[in-house]
$ cat model.pdb   # PDB, C-alpha atoms
ATOM      1  CA  MET Y   1     187.497  53.956  89.460
ATOM      2  CA  GLU Y   2     185.611  54.887  86.342
ATOM      3  CA  CYS Y   3     181.866  55.579  86.358
ATOM      4  CA  ASN Y   4     180.179  53.534  83.635
ATOM      5  CA  PHE Y   5     177.592  56.288  83.182
ATOM      6  CA  CYS Y   6     179.516  59.586  82.998
ATOM      7  CA  ARG Y   7     182.825  57.885  82.103
ATOM      8  CA  LYS Y   8     184.745  60.070  84.569
ATOM      9  CA  ASP Y   9     187.556  58.685  86.677
ATOM     10  CA  LYS Y  10     186.540  59.120  90.319
ATOM     11  CA  ASP Y  11     187.703  58.237  93.796
ATOM     12  CA  ALA Y  12     186.212  55.110  95.419
ATOM     13  CA  THR Y  13     184.441  57.320  97.992
ATOM     14  CA  ASP Y  14     182.392  58.802  95.116
ATOM     15  CA  PHE Y  15     180.631  55.429  94.700
ATOM     16  CA  TYR Y  16     178.048  53.768  96.917
ATOM     17  CA  ALA Y  17     179.187  50.460  98.401
ATOM     18  CA  SER Y  18     176.156  48.755  96.831
ATOM     19  CA  ASN Y  19     176.804  50.168  93.344
ATOM     20  CA  ARG Y  20     180.394  50.398  92.132
ATOM     21  CA  THR Y  21     179.457  50.907  88.480
ATOM     22  CA  LYS Y  22     177.732  54.300  88.754
ATOM     23  CA  CYS Y  23     179.048  57.237  90.830
ATOM     24  CA  LYS Y  24     176.900  58.859  93.528
ATOM     25  CA  GLU Y  25     176.293  61.941  91.389
ATOM     26  CA  CYS Y  26     175.019  59.865  88.468
ATOM     27  CA  VAL Y  27     172.847  57.730  90.774
ATOM     28  CA  ARG Y  28     171.246  60.895  92.208
ATOM     29  CA  GLU Y  29     170.650  62.308  88.713
ATOM     30  CA  GLY Y  30     169.110  59.001  87.634
ATOM     31  CA  VAL Y  31     166.788  58.870  90.626
ATOM     32  CA  LYS Y  32     165.721  62.470  90.072
ATOM     33  CA  ALA Y  33     165.077  61.875  86.358
ATOM     34  CA  ASN Y  34     163.105  58.703  87.140
ATOM     35  CA  ARG Y  35     160.889  60.518  89.652
ATOM     36  CA  ILE Y  36     160.188  63.248  87.094
ATOM     37  CA  ARG Y  37     159.499  60.699  84.351
ATOM     38  CA  LYS Y  38     157.105  58.748  86.595
ATOM     39  CA  ALA Y  39     155.717  61.714  88.557
ATOM     40  CA  ASP Y  40     152.126  60.428  88.743
ATOM     41  CA  TYR Y  41     153.245  57.038  90.033
ATOM     42  CA  TYR Y  42     155.498  58.525  92.722
ATOM     43  CA  ARG Y  43     152.907  61.110  93.750
ATOM     44  CA  GLU Y  44     150.416  58.295  94.401
ATOM     45  CA  TYR Y  45     153.093  56.133  96.039
ATOM     46  CA  ASP Y  46     154.142  58.943  98.363
ATOM     47  CA  ARG Y  47     150.515  59.643  99.286
ATOM     48  CA  SER Y  48     149.796  55.992 100.008
ATOM     49  CA  ARG Y  49     152.779  55.441 102.288
ATOM     50  CA  GLY Y  50     152.934  58.981 103.664
ATOM     51  CA  SER Y  51     153.409  59.661 107.314
ATOM     52  CA  ARG Y  52     149.855  58.683 108.097
ATOM     53  CA  GLN Y  53     149.190  56.139 110.764
ATOM     54  CA  PRO Y  54     146.540  53.417 110.380
ATOM     55  CA  LYS Y  55     143.038  54.456 111.463
ATOM     56  CA  GLU Y  56     143.039  51.949 114.319
ATOM     57  CA  TYR Y  57     146.242  53.431 115.749
ATOM     58  CA  LEU Y  58     144.865  56.982 115.476
ATOM     59  CA  ALA Y  59     141.650  56.011 117.244
ATOM     60  CA  THR Y  60     143.594  54.389 120.085
ATOM     61  CA  TYR Y  61     145.963  57.381 120.325
ATOM     62  CA  ARG Y  62     143.083  59.879 120.458
ATOM     63  CA  GLU Y  63     141.345  57.833 123.121
ATOM     64  CA  SER Y  64     144.532  57.471 125.184
ATOM     65  CA  TYR Y  65     145.652  61.114 124.888
ATOM     66  CA  PRO Y  66     142.550  63.306 124.497
ATOM     67  CA  ALA Y  67     144.281  66.468 125.767
ATOM     68  CA  LYS Y  68     147.062  66.113 123.188
ATOM     69  CA  HIS Y  69     144.527  65.493 120.432
ATOM     70  CA  LYS Y  70     142.471  68.519 121.464
ATOM     71  CA  ALA Y  71     145.564  70.763 121.640
ATOM     72  CA  HIS Y  72     146.720  69.569 118.200
ATOM     73  CA  ASN Y  73     143.275  70.339 116.767
ATOM     74  CA  ILE Y  74     143.300  73.819 118.286
ATOM     75  CA  VAL Y  75     146.685  74.555 116.682
ATOM     76  CA  ASN Y  76     145.609  73.133 113.311
ATOM     77  CA  ASN Y  77     142.399  75.180 113.343
ATOM     78  CA  ALA Y  78     144.299  78.348 114.318
ATOM     79  CA  LEU Y  79     146.747  77.750 111.454
ATOM     80  CA  ARG Y  80     143.907  77.149 109.007
ATOM     81  CA  ASP Y  81     142.039  80.269 110.148
ATOM     82  CA  GLY Y  82     145.148  82.459 110.073
ATOM     83  CA  HIS Y  83     145.246  83.154 113.827
ATOM     84  CA  ILE Y  84     148.799  81.818 114.014
ATOM     85  CA  THR Y  85     151.396  81.245 111.319
ATOM     86  CA  LYS Y  86     153.819  78.425 110.906
ATOM     87  CA  GLU Y  87     157.383  79.476 111.633
ATOM     88  CA  PRO Y  88     160.752  77.897 110.857
ATOM     89  CA  CYS Y  89     162.522  75.694 113.398
ATOM     90  CA  GLU Y  90     163.659  77.904 116.253
ATOM     91  CA  VAL Y  91     166.963  76.000 116.471
ATOM     92  CA  CYS Y  92     168.152  75.575 112.874
ATOM     93  CA  GLY Y  93     165.752  77.662 110.796
ATOM     94  CA  SER Y  94     164.413  74.728 108.752
ATOM     95  CA  GLU Y  95     161.117  75.480 107.025
ATOM     96  CA  PHE Y  96     160.006  71.885 107.684
ATOM     97  CA  SER Y  97     158.852  72.479 111.245
ATOM     98  CA  HIS Y  98     155.859  71.537 113.311
ATOM     99  CA  ALA Y  99     154.265  72.852 116.460
ATOM    100  CA  HIS Y 100     155.563  71.521 119.776
ATOM    101  CA  HIS Y 101     153.668  71.968 123.043
ATOM    102  CA  ASP Y 102     155.637  72.349 126.264
ATOM    103  CA  ASP Y 103     152.289  72.229 128.096
ATOM    104  CA  TYR Y 104     149.117  70.884 126.504
ATOM    105  CA  PHE Y 105     147.005  73.077 128.797
ATOM    106  CA  LYS Y 106     148.360  76.045 126.794
ATOM    107  CA  PRO Y 107     147.294  74.859 123.343
ATOM    108  CA  LEU Y 108     148.285  77.987 121.383
ATOM    109  CA  CYS Y 109     151.606  78.406 123.159
ATOM    110  CA  VAL Y 110     153.834  76.398 120.824
ATOM    111  CA  ARG Y 111     157.432  76.377 119.714
ATOM    112  CA  TRP Y 112     158.319  75.486 116.144
ATOM    113  CA  LEU Y 113     160.802  72.635 115.761
ATOM    114  CA  CYS Y 114     161.950  70.471 112.868
ATOM    115  CA  ALA Y 115     161.643  66.707 113.359
ATOM    116  CA  ALA Y 116     165.274  66.307 114.493
ATOM    117  CA  HIS Y 117     165.146  69.116 117.048
ATOM    118  CA  HIS Y 118     161.688  68.022 118.231
ATOM    119  CA  GLN Y 119     163.077  64.554 118.910
ATOM    120  CA  GLN Y 120     166.103  66.101 120.627
ATOM    121  CA  TRP Y 121     163.840  68.267 122.814
ATOM    122  CA  HIS Y 122     161.946  65.206 124.030
ATOM    123  CA  ALA Y 123     165.174  63.248 124.586
ATOM    124  CA  GLU Y 124     166.437  66.045 126.845
ATOM    125  CA  ASN Y 125     163.144  67.082 128.501
ATOM    126  CA  GLY Y 126     160.861  64.054 128.354
ATOM    127  CA  GLU Y 127     157.146  64.248 127.735
ATOM    128  CA  ALA Y 128     155.427  67.638 127.655
ATOM    129  CA  ALA Y 129     153.275  68.648 130.622
ATOM    130  CA  ASN Y 130     149.669  67.445 130.839
ATOM    131  CA  GLY Y 131     149.903  65.110 127.834
ATOM    132  CA  SER Y 132     147.991  62.337 129.573
ATOM    133  CA  ALA Y 133     145.267  64.594 131.000
ATOM    134  CA  THR Y 134     141.644  63.644 130.486
ATOM    135  CA  ILE Y 135     139.375  65.752 128.323
ATOM    136  CA  GLU Y 136     137.600  66.949 131.469
ATOM    137  CA  GLU Y 137     140.892  68.119 133.012
ATOM    138  CA  PHE Y 138     141.772  69.826 129.734
ATOM    139  CA  ASN Y 139     138.419  71.629 129.521
ATOM    140  CA  ILE Y 140     138.698  72.839 133.124
ATOM    141  CA  ALA Y 141     142.283  74.049 132.687
ATOM    142  CA  VAL Y 142     141.843  75.678 129.296
ATOM    143  CA  TYR Y 143     138.227  76.883 129.306
ATOM    144  CA  GLY Y 144     137.281  76.834 132.974
ATOM    145  CA  LEU Y 145     134.481  74.406 132.105
ATOM    146  CA  LYS Y 146     133.338  71.734 134.510
ATOM    147  CA  ALA Y 147     131.479  68.621 133.417
ATOM    148  CA  GLY Y 148     127.785  68.414 134.090
TER
END

$ encode --input "model.pdb" --output "structure tokens"
Amino acid sequence: MECNFCRKDKDATDFYASNRTKCKECVREGVKANRIRKADYYREYDRSRGSRQPKEYLATYRESYPAKHKAHNIVNNALRDGHITKEPCEVCGSEFSHAHHDDYFKPLCVRWLCAAHHQQWHAENGEAANGSATIEEFNIAVYGLKAG
């Protein structure tokens, strides 16, 4: 098959099933060039869709899992303040990693996993310990504080 863009004769596997006129390499180059040409548009588009959840969902999540929320905040504050540093995924070395808690009562004891290995960890091990603890249980376990 011939690519209508680069005019090279290529194997059928070098074309996407949905686009038999332009080879995969030319499609990728076109997408990349388009994103550069319309950088401001795509920057705003990416921000708007992002990985952010709706505010209502976040409020419900924080109310349902206060220990998780508190542990996440402790890690984020420690990262911001330089007390801990983000590390690559401990399995594959990817720089796109995030903190994973094995036990939410140990908020600064985290392992660094990329999204794929984080998902795999949970598939093999289930939910981390103490994820559904109340804020009172968290405060007692972590700080030794009792309510009242």

$ resolve_selection --input "model.pdb" --expression "the PyMOL selection byres ((chain Y and resi 60-70) around 8)" --output "ChimeraX atom specification"
/Y:56-59,71-74,104-105,130-135,138

$ residues_around --input "model.pdb" --residues "His117 in chain Y" --least-positions-apart "5" --cutoff "9 Å" --atoms "all atoms listed in the file" --output "JSON list (two decimals) with C-alpha atoms, keeping the file's coordinate frame"
[["chain", "number", "residue", "atom", "x", "y", "z"],
["Y", 89, "CYS", "CA", 162.52, 75.69, 113.40],
["Y", 90, "GLU", "CA", 163.66, 77.90, 116.25],
["Y", 91, "VAL", "CA", 166.96, 76.00, 116.47],
["Y", 92, "CYS", "CA", 168.15, 75.58, 112.87],
["Y", 122, "HIS", "CA", 161.95, 65.21, 124.03]]

$ atom_distance --input "model.pdb" --atom1 "CA of Lys106 in chain Y" --atom2 "CA of Val142 in chain Y"
7.0 Å

$ resolve_selection --input "model.pdb" --expression "the PyMOL selection byres ((chain Y and resi 94) around 12)" --output "MDAnalysis selection string"
chainID Y and resid 86:93 95:98 112:118

$ closest_residue --input "model.pdb" --among "Y:Leu145, Y:Cys6, Y:Ala123, Y:Leu108" --to "Cys26 in chain Y" --atoms "only C-alpha atoms"
Y:Cys6

$ resolve_selection --input "model.pdb" --expression "the PyMOL selection byres ((chain Y and resi 15) around 10)" --output "JSON, numbers by chain"
{"Y": [1, 2, 3, 10, 11, 12, 13, 14, 16, 17, 18, 19, 20, 21, 22, 23, 24, 25, 26, 27]}

$ atom_distance --input "model.pdb" --atom1 "CA of Ala78 in chain Y" --atom2 "CA of Arg43 in chain Y"
28.2 Å

$ atom_distance --input "model.pdb" --atom1 "CA of Asp102 in chain Y" --atom2 "CA of Glu127 in chain Y"
8.4 Å

$ closest_residue --input "model.pdb" --among "Y:Phe5, Y:Leu79, Y:Arg49, Y:Gly126" --to "Gly30 in chain Y" --atoms "only C-alpha atoms"
Y:Phe5
